[in-house]
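Peer 1: Sharing a structure below in C-alpha cells format, with a few things to ask.
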Amino acid sequence: MNAIVQPPGAAVLERVDQALLGLPVDNLIWLSGYVYGLARQPPQTTAVAQRTVAIYYGSQTGNARRLADGTAARLKAEGQNVRLSSLADLRLRDLRGLEEALFVVSTQGDGEPPEDCRSFFEALDAESAPQLSQLRYAVLALGDSSYPHYCAAGRRLDARLTALGAQPVHERLEADLDFARTAPPWLAQWQSTLAPVESAPQVLTVPTAATATAPTPEQPLALEVLSNLPLTTSAALREVRHLELAFDAGQLGYQPGDALGLRFANPPALVEPVLEALAIDAQQPVQLDGDTLTLQQALAERLEISRLSRPLLQQLAQHSGDARLQSLLQPANSVDLQRYLRGHQLLDLLQAWPDVLDAQRLVDSLPPLQQRLYSIASSPSRHADEVHLTVALRRDQQAERLALGACSTALAQLQPGQQIGAWVQPNERFRLPSDPSRDIIMIGPGTGVAPYRGFLAERNETGASGRHWLFFGCRRRADDFLYQTEWLQAQREGRLQRLSTAFSRDGSARTYVQDRLRAEAAELYRWIDGGAHIYLCGDAFAMAPAVESALVDVLAAGQGCDGEAAAAQLAQLRREGRFAVDVY
C-alpha cells in the first residue's frame, strides 16, 4: 500500500520559492527531475564531520556572497559539514552552540553594513545579545579604501564578537578592491585552523544533464544590443543613455529591483593616454596572476585604471618619496584622501610622477578590473527577452582634461548588433510588495529612477491595484527629465497617481526631492500610515541622507512626535521591509 504523500507546509514552500524564483525555465524543468530522483533514492548511511562550520555573508553588490559561496563549496568538497547563510537570515540564538564560523561582510555608504544586514547588527549590539564563548570565528571584511570608513562594518562585527566572548582564530583581513588576490590565501590560512574531518562523506552523484546555468561574472551571458539612445539633451551637464539588450527567453531570469552586472574592457580612450604617459612599449610582457600578457592587454582587459585605490598611492608614495602623498595616507587625513581618490585617475598620477613605476610594478599595484552594476529599468513581465538600463556617462572635468568612466564610456560606444557579457545580481532587499494592493512611494532623482520604470511596468502587467507616487529630481526639466514622456503618459492613463518633480536649476532657489517630500508631507504621511511601501534609489553620499532626514520630518509631523521617535519609526519600517534602500 502506497503511503499518502502530504503536501509541504507554508514555511517549506516559502523556502522553495526563495531558492527557485527567477531561475530560467530550463533549469526548473531539469531540477524537477533531479528532486524526483532524490526522493526515489534508498536511505544512505553517510559519515559526516561532527562539527558544523558556519559561513555567513553580508553582501551589498554580491562580492561577499560569491566569496562565501566559493568557500562553502570547497569545504563541502573536502567533507566538511557546512552551513551557508546570509546575515540577514541569521538569528543570534543560532550562534549559541556553534563552534566554528566565518563572517564575510562588506561595508557600504558611510561605513554601514549591507542594507539587508542592519537588523542583525542592531541585534548584535543590543545588551541582550548572548555570550558566545564557545565560538571560534574569523572575519573577512570587504571595502574600498577610497572611503573614510573603510571596512567599518567588518571591524564593528569583529569587535562585538570579541566583546561577547568569541575567540578569533585568525587575524581579520581588510580586503580592498584587490580582494580577488588577497582573499584566497587568507581563506586558505583560515581553513587550516579547522579540525580535520573525521571521515569523508559519501558523495551523491548528480546526473550531468545538458542544462544552462545562471550567468555569473566568470561566465557571463552574451546580450545583443538592440538600441542605445540618449535620454538627455546636449545641454545637460551629464549625458544619460537608455540601453536595450536582448537575450533568448529563459536564459536570464530577473525581477524588478535587480541589477545587471556587465563584463567590459577599458576603452581605448582610457588606455592609450596611460600608455603614452608611461612611455613604455605597449607590447612589453608583464606577469599578472600567473599569466604572461602584454602591458596593453593587462591595462585594457584586467586592471582598474579609472578608479584609484589606497594601495596604489602607497606604492607611489613609497617609490617617489613624495611628502604630499605620504601625508594623504595618514589616518588623520582620511577625508582628504577620499576626496583625492575620487577626484583623480591613474593618468593624473602618471603625469605628476613620471618614471616612478615601471610596467611590472604598475601592474602589481593596480587592482583587478571591477564589475559594474546597473539597476534594471525594465519588467520581465513586459519584456520577457529584454533587459533595459539607464546609464549616466562619467565625464568629469579634472584640471585640463575630462576624466572618463570606464564602463559608461564603453557602453556609450555600443552599437545595435554588438554584444556585451552580463549577469543578474539579485537584490532581495529591493522588491515590490507581495500584496499587489499596497501603495508604493518611489524616490529616485537622476538615474535612481531606473528601477521604478521596471516597477511601474511590472505592476501594470500583473494587475496590481495599489497606487503609485514617484518623486523625481534633476537639474533642468528641458535637459534631463529622464523618461519624461513615459511618466506623463502613465499619469494620464491613471497608472501613476502622483508625480512630484524637483528641477534644481530651473528656479531662483535650489529645489531637491527632499524639499518636495517636506512640501507634501501631509499627503505623504497619509500614504505611509495607510501601509505604503517606500523605495529610495540613487546617490548614497548627499541625496540619501537628505531624503532620510526629510522622511523623519514627515513622520514627526504626521505623528506629532520628536525627531528621535520618528527616526525610530523609519528604522522600524526598514526592518519590516516597508522602507527599501538601494544606494551607490
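Please note that chains go A, B, ... in the order of the C-alpha cells, that every chain numbers its residues from 1, and that ligands are numbered from 1 in the order shown.
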Do you know which residues are at most 7 Å from Phe472 of chain A counting only C-alpha atoms, after dropping those on the same chain fewer than 4 positions away, and could you put them as a PyMOL selection string?
Peer 2: chain A and resi 443-445+449+500-502+513
Peer 1: Using only C-alpha atoms, what does the table of segment 100-159 of chain A residues within 12 Å of segment 182-200 of chain A look like, with each row giving the shortest atom pair and its distance in Å to one decimal, sorted by chain and ascending number, as JSON lines?
Peer 2:
{"residue": "A:Glu100", "atom": "CA", "partner": "A:Leu194", "partner_atom": "CA", "distance": 7.9}
{"residue": "A:Ala101", "atom": "CA", "partner": "A:Leu194", "partner_atom": "CA", "distance": 10.0}
{"residue": "A:Leu102", "atom": "CA", "partner": "A:Trp190", "partner_atom": "CA", "distance": 8.7}
{"residue": "A:Phe103", "atom": "CA", "partner": "A:Leu187", "partner_atom": "CA", "distance": 11.1}
{"residue": "A:Val104", "atom": "CA", "partner": "A:Ala183", "partner_atom": "CA", "distance": 10.2}
{"residue": "A:Arg136", "atom": "CA", "partner": "A:Leu194", "partner_atom": "CA", "distance": 9.6}
{"residue": "A:Tyr137", "atom": "CA", "partner": "A:Trp190", "partner_atom": "CA", "distance": 9.3}
{"residue": "A:Ala138", "atom": "CA", "partner": "A:Trp190", "partner_atom": "CA", "distance": 7.4}
{"residue": "A:Val139", "atom": "CA", "partner": "A:Trp190", "partner_atom": "CA", "distance": 9.7}
{"residue": "A:Leu140", "atom": "CA", "partner": "A:Ala183", "partner_atom": "CA", "distance": 7.8}
{"residue": "A:Ala141", "atom": "CA", "partner": "A:Ala183", "partner_atom": "CA", "distance": 9.6}
{"residue": "A:Leu142", "atom": "CA", "partner": "A:Ala183", "partner_atom": "CA", "distance": 9.3}
Peer 1: Do you know which residues are at most 8 Å from segment 51-59 of chain A counting only C-alpha atoms, after dropping those on the same chain fewer than 5 positions away, and could you put them as a PyMOL selection string?
Peer 2: chain A and resi 64-65+68+72+80-88+98-106+113-114+116-117
Peer 1: Keeping only C-alpha atoms, take the residues you just selected and write them out as a compact mmCIF listing (two decimals), in the first residue's frame.
Peer 2:
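As a result, result_21.txt now contains:
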# COMPACT_ATOMS: atom_id res chain seq x y z
CA ALA A 64 30.93 38.91 -0.29
CA ARG A 65 28.31 36.37 -1.25
CA ALA A 68 31.25 32.85 0.82
CA ALA A 72 31.49 26.77 1.28
CA GLN A 80 33.20 19.46 5.99
CA ASN A 81 29.67 19.91 7.27
CA VAL A 82 28.91 23.49 6.18
CA ARG A 83 26.09 25.89 6.90
CA LEU A 84 25.90 28.83 4.48
CA SER A 85 23.58 31.75 5.17
CA SER A 86 23.14 35.49 4.78
CA LEU A 87 23.49 37.62 7.91
CA ALA A 88 20.04 38.91 7.01
CA LEU A 98 28.12 26.86 17.19
CA GLU A 99 31.87 26.20 17.31
CA GLU A 100 33.28 27.47 14.01
CA ALA A 101 32.16 30.44 11.91
CA LEU A 102 33.46 32.59 9.09
CA PHE A 103 31.94 36.02 8.51
CA VAL A 104 32.39 37.68 5.11
CA VAL A 105 30.94 41.17 5.26
CA SER A 106 31.17 44.26 3.09
CA PRO A 113 26.73 47.25 6.87
CA PRO A 114 24.86 45.98 3.81
CA ASP A 116 19.62 43.83 4.48
CA CYS A 117 22.00 43.11 7.40
Peer 1: Report as a PDB file with all heavy atoms, in the first residue's frame all protein, DNA and RNA residues lying within 12 Å of Gln415 of chain A, evaluated on only C-alpha atoms, omitting residues in the same chain fewer than 6 positions from it.
Peer 2:
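File part.pdb, as written:
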ATOM      1  N   GLU A 224      22.703  40.929 -26.816  1.00  0.00           N
ATOM      2  CA  GLU A 224      22.797  41.730 -28.044  1.00  0.00           C
ATOM      3  C   GLU A 224      22.202  43.107 -27.807  1.00  0.00           C
ATOM      4  O   GLU A 224      21.127  43.250 -27.223  1.00  0.00           O
ATOM      5  CB  GLU A 224      22.061  41.044 -29.190  1.00  0.00           C
ATOM      6  CG  GLU A 224      22.142  41.834 -30.496  1.00  0.00           C
ATOM      7  CD  GLU A 224      21.340  41.195 -31.612  1.00  0.00           C
ATOM      8  OE1 GLU A 224      20.852  40.066 -31.403  1.00  0.00           O
ATOM      9  OE2 GLU A 224      21.189  41.829 -32.678  1.00  0.00           O
ATOM     10  N   VAL A 225      22.893  44.124 -28.272  1.00  0.00           N
ATOM     11  CA  VAL A 225      22.407  45.493 -28.163  1.00  0.00           C
ATOM     12  C   VAL A 225      21.310  45.730 -29.192  1.00  0.00           C
ATOM     13  O   VAL A 225      21.522  45.552 -30.398  1.00  0.00           O
ATOM     14  CB  VAL A 225      23.549  46.504 -28.371  1.00  0.00           C
ATOM     15  CG1 VAL A 225      23.022  47.934 -28.283  1.00  0.00           C
ATOM     16  CG2 VAL A 225      24.660  46.272 -27.354  1.00  0.00           C
ATOM     17  N   LEU A 226      20.128  46.098 -28.707  1.00  0.00           N
ATOM     18  CA  LEU A 226      19.015  46.443 -29.604  1.00  0.00           C
ATOM     19  C   LEU A 226      19.012  47.928 -29.912  1.00  0.00           C
ATOM     20  O   LEU A 226      18.789  48.338 -31.057  1.00  0.00           O
ATOM     21  CB  LEU A 226      17.686  46.040 -28.964  1.00  0.00           C
ATOM     22  CG  LEU A 226      17.429  44.550 -28.770  1.00  0.00           C
ATOM     23  CD1 LEU A 226      16.077  44.347 -28.097  1.00  0.00           C
ATOM     24  CD2 LEU A 226      17.472  43.818 -30.107  1.00  0.00           C
ATOM     25  N   SER A 227      19.219  48.757 -28.886  1.00  0.00           N
ATOM     26  CA  SER A 227      19.229  50.204 -29.090  1.00  0.00           C
ATOM     27  C   SER A 227      20.061  50.858 -28.003  1.00  0.00           C
ATOM     28  O   SER A 227      20.236  50.297 -26.908  1.00  0.00           O
ATOM     29  CB  SER A 227      17.805  50.784 -29.088  1.00  0.00           C
ATOM     30  OG  SER A 227      17.179  50.574 -27.834  1.00  0.00           O
ATOM     31  N   ASN A 228      20.560  52.043 -28.307  1.00  0.00           N
ATOM     32  CA  ASN A 228      21.404  52.808 -27.393  1.00  0.00           C
ATOM     33  C   ASN A 228      21.135  54.273 -27.674  1.00  0.00           C
ATOM     34  O   ASN A 228      21.704  54.862 -28.589  1.00  0.00           O
ATOM     35  CB  ASN A 228      22.881  52.452 -27.615  1.00  0.00           C
ATOM     36  CG  ASN A 228      23.801  53.093 -26.604  1.00  0.00           C
ATOM     37  OD1 ASN A 228      23.401  53.940 -25.816  1.00  0.00           O
ATOM     38  ND2 ASN A 228      25.065  52.689 -26.623  1.00  0.00           N
ATOM     39  N   LEU A 229      20.226  54.860 -26.899  1.00  0.00           N
ATOM     40  CA  LEU A 229      19.691  56.182 -27.224  1.00  0.00           C
ATOM     41  C   LEU A 229      19.922  57.172 -26.084  1.00  0.00           C
ATOM     42  O   LEU A 229      19.864  56.796 -24.911  1.00  0.00           O
ATOM     43  CB  LEU A 229      18.184  56.093 -27.501  1.00  0.00           C
ATOM     44  CG  LEU A 229      17.768  55.135 -28.617  1.00  0.00           C
ATOM     45  CD1 LEU A 229      16.254  54.996 -28.634  1.00  0.00           C
ATOM     46  CD2 LEU A 229      18.289  55.625 -29.963  1.00  0.00           C
ATOM     47  N   LEU A 243      19.727  51.944 -22.723  1.00  0.00           N
ATOM     48  CA  LEU A 243      20.174  50.778 -23.479  1.00  0.00           C
ATOM     49  C   LEU A 243      19.140  49.672 -23.393  1.00  0.00           C
ATOM     50  O   LEU A 243      18.587  49.407 -22.313  1.00  0.00           O
ATOM     51  CB  LEU A 243      21.508  50.246 -22.942  1.00  0.00           C
ATOM     52  CG  LEU A 243      22.791  50.837 -23.545  1.00  0.00           C
ATOM     53  CD1 LEU A 243      22.979  52.265 -23.044  1.00  0.00           C
ATOM     54  CD2 LEU A 243      23.994  49.982 -23.185  1.00  0.00           C
ATOM     55  N   GLU A 244      18.869  49.021 -24.516  1.00  0.00           N
ATOM     56  CA  GLU A 244      18.008  47.843 -24.551  1.00  0.00           C
ATOM     57  C   GLU A 244      18.828  46.675 -25.068  1.00  0.00           C
ATOM     58  O   GLU A 244      19.419  46.746 -26.143  1.00  0.00           O
ATOM     59  CB  GLU A 244      16.780  48.105 -25.425  1.00  0.00           C
ATOM     60  CG  GLU A 244      15.905  49.233 -24.875  1.00  0.00           C
ATOM     61  CD  GLU A 244      14.605  49.415 -25.630  1.00  0.00           C
ATOM     62  OE1 GLU A 244      14.399  48.700 -26.650  1.00  0.00           O
ATOM     63  OE2 GLU A 244      13.793  50.266 -25.218  1.00  0.00           O
ATOM     64  N   LEU A 245      18.880  45.600 -24.284  1.00  0.00           N
ATOM     65  CA  LEU A 245      19.684  44.422 -24.577  1.00  0.00           C
ATOM     66  C   LEU A 245      18.784  43.211 -24.693  1.00  0.00           C
ATOM     67  O   LEU A 245      17.823  43.070 -23.925  1.00  0.00           O
ATOM     68  CB  LEU A 245      20.726  44.198 -23.478  1.00  0.00           C
ATOM     69  CG  LEU A 245      21.587  45.413 -23.110  1.00  0.00           C
ATOM     70  CD1 LEU A 245      22.409  45.129 -21.871  1.00  0.00           C
ATOM     71  CD2 LEU A 245      22.492  45.800 -24.278  1.00  0.00           C
TER      72      LEU A 245
END
Peer 1: Could you jot down the atom CA of Ala332 of chain A to atom CA of Leu349 of chain A separation for me, Å, one decimal place?
Peer 2: 22.1 Å
Peer 1: Excluding same-chain residues fewer than 6 positions from Phe121 of chain A, what lies within 12 Å of it counting only C-alpha atoms, as a PyMOL selection string?
Peer 2: chain A and resi 58+87-92+105+112-115+129+153-161+575
Peer 1: If you run DSSP over the backbone, which residues in segment 193-287 of chain A end up strand (DSSP E or B)? Put them as number ranges by chain.
Peer 2: A: 221-230, 240-246, 259-263, 285-287
Peer 1: Can you check which parts of segment 366-454 of chain A lie within 9 Å of segment 246-259 of chain A? Per residue, the shortest pair of atoms and distance in Å to one decimal, counting only C-alpha atoms, sorted by chain and number, as a Markdown table.
Peer 2:
| residue | atom | partner | partner_atom | distance |
| --- | --- | --- | --- | --- |
| A:Leu373 | CA | A:Ala259 | CA | 5.9 |
| A:Tyr374 | CA | A:Ala259 | CA | 5.2 |
| A:Ser375 | CA | A:Ala259 | CA | 4.3 |
| A:Ile376 | CA | A:Ala259 | CA | 5.2 |
| A:Ala377 | CA | A:Pro256 | CA | 7.9 |
| A:Ser378 | CA | A:Pro256 | CA | 7.1 |
| A:Ser379 | CA | A:Pro256 | CA | 5.9 |
| A:Pro380 | CA | A:Gln255 | CA | 6.6 |
| A:Ala384 | CA | A:Ala249 | CA | 6.2 |
| A:Asp385 | CA | A:Ala249 | CA | 4.8 |
| A:Glu386 | CA | A:Ala246 | CA | 4.5 |
| A:Val387 | CA | A:Ala246 | CA | 6.5 |
| A:His388 | CA | A:Ala246 | CA | 8.9 |
| A:Trp423 | CA | A:Leu252 | CA | 7.4 |
| A:Val424 | CA | A:Ala259 | CA | 6.0 |
| A:Gln425 | CA | A:Ala259 | CA | 5.1 |
| A:Pro426 | CA | A:Asp258 | CA | 4.8 |
| A:Asn427 | CA | A:Asp258 | CA | 4.8 |
| A:Glu428 | CA | A:Asp258 | CA | 7.7 |
| A:Arg429 | CA | A:Gly257 | CA | 8.4 |
| A:Phe430 | CA | A:Gly257 | CA | 5.3 |
| A:Arg431 | CA | A:Gly257 | CA | 5.7 |
| A:Leu432 | CA | A:Pro256 | CA | 7.4 |
| A:Pro451 | CA | A:Gly257 | CA | 5.6 |
| A:Tyr452 | CA | A:Gly257 | CA | 8.1 |
| A:Gly454 | CA | A:Pro256 | CA | 5.6 |
Peer 1: List as a compact mmCIF listing (two decimals) with all heavy atoms, in the first residue's frame the protein and nucleic acid residues near Val581 of chain A, meaning an atom at most 7 Å away when only C-alpha atoms are counted, but skip any in the same chain fewer than 3 places from it.
Peer 2:
# COMPACT_ATOMS: atom_id res chain seq x y z
N PHE A 430 15.21 44.90 -2.37
CA PHE A 430 14.55 45.96 -3.14
C PHE A 430 13.48 45.34 -4.02
O PHE A 430 13.55 45.38 -5.25
CB PHE A 430 15.59 46.71 -3.99
CG PHE A 430 15.26 48.15 -4.25
CD1 PHE A 430 15.32 49.09 -3.24
CD2 PHE A 430 14.88 48.57 -5.51
CE1 PHE A 430 15.01 50.42 -3.48
CE2 PHE A 430 14.58 49.90 -5.77
CZ PHE A 430 14.64 50.82 -4.75
N TYR A 535 10.43 53.42 -1.35
CA TYR A 535 11.66 52.99 -2.02
C TYR A 535 12.54 54.22 -2.26
O TYR A 535 12.04 55.28 -2.65
CB TYR A 535 11.35 52.31 -3.34
CG TYR A 535 10.55 51.04 -3.18
CD1 TYR A 535 9.15 51.08 -3.18
CD2 TYR A 535 11.17 49.81 -3.00
CE1 TYR A 535 8.39 49.93 -3.01
CE2 TYR A 535 10.43 48.65 -2.84
CZ TYR A 535 9.05 48.71 -2.84
OH TYR A 535 8.32 47.57 -2.65
N LEU A 536 13.84 54.03 -2.04
CA LEU A 536 14.81 55.11 -2.24
C LEU A 536 15.98 54.55 -3.04
O LEU A 536 16.59 53.55 -2.65
CB LEU A 536 15.29 55.64 -0.89
CG LEU A 536 16.47 56.62 -0.91
CD1 LEU A 536 16.11 57.87 -1.70
CD2 LEU A 536 16.88 56.99 0.51
N CYS A 537 16.31 55.19 -4.15
CA CYS A 537 17.40 54.72 -5.01
C CYS A 537 18.19 55.91 -5.53
O CYS A 537 17.61 56.93 -5.92
CB CYS A 537 16.84 53.90 -6.18
SG CYS A 537 18.12 53.18 -7.24
Peer 1: Contacts of Gln283 of chain A at 7 Å or less, counting only C-alpha atoms, minus same-chain residues fewer than 3 places along, as a ChimeraX atom specification?
Peer 2: /A:294-296
Peer 1: Any idea what the distance is between atom CA of Arg361 of chain A and atom CA of Gly321 of chain A?
Peer 2: 15.7 Å
Peer 1: Which one of A:Cys407, A:Ile441, A:Ala571, A:Val391 sits closest to Glu239 of chain A if you count only C-alpha atoms?
Peer 2: A:Val391
Peer 1: Residues of segment 319-466 of chain A in alpha helix (DSSP H) according to DSSP, as a PyMOL selection string?
Peer 2: chain A and resi 319-320+323-328+334-343+346-352+359-365+406-412+450-461
Peer 1: So how many Å separate atom CA of Gln489 of chain A and atom CA of His383 of chain A, to one decimal?
Peer 2: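 Distance reported for this atom pair: 18.8 Å.
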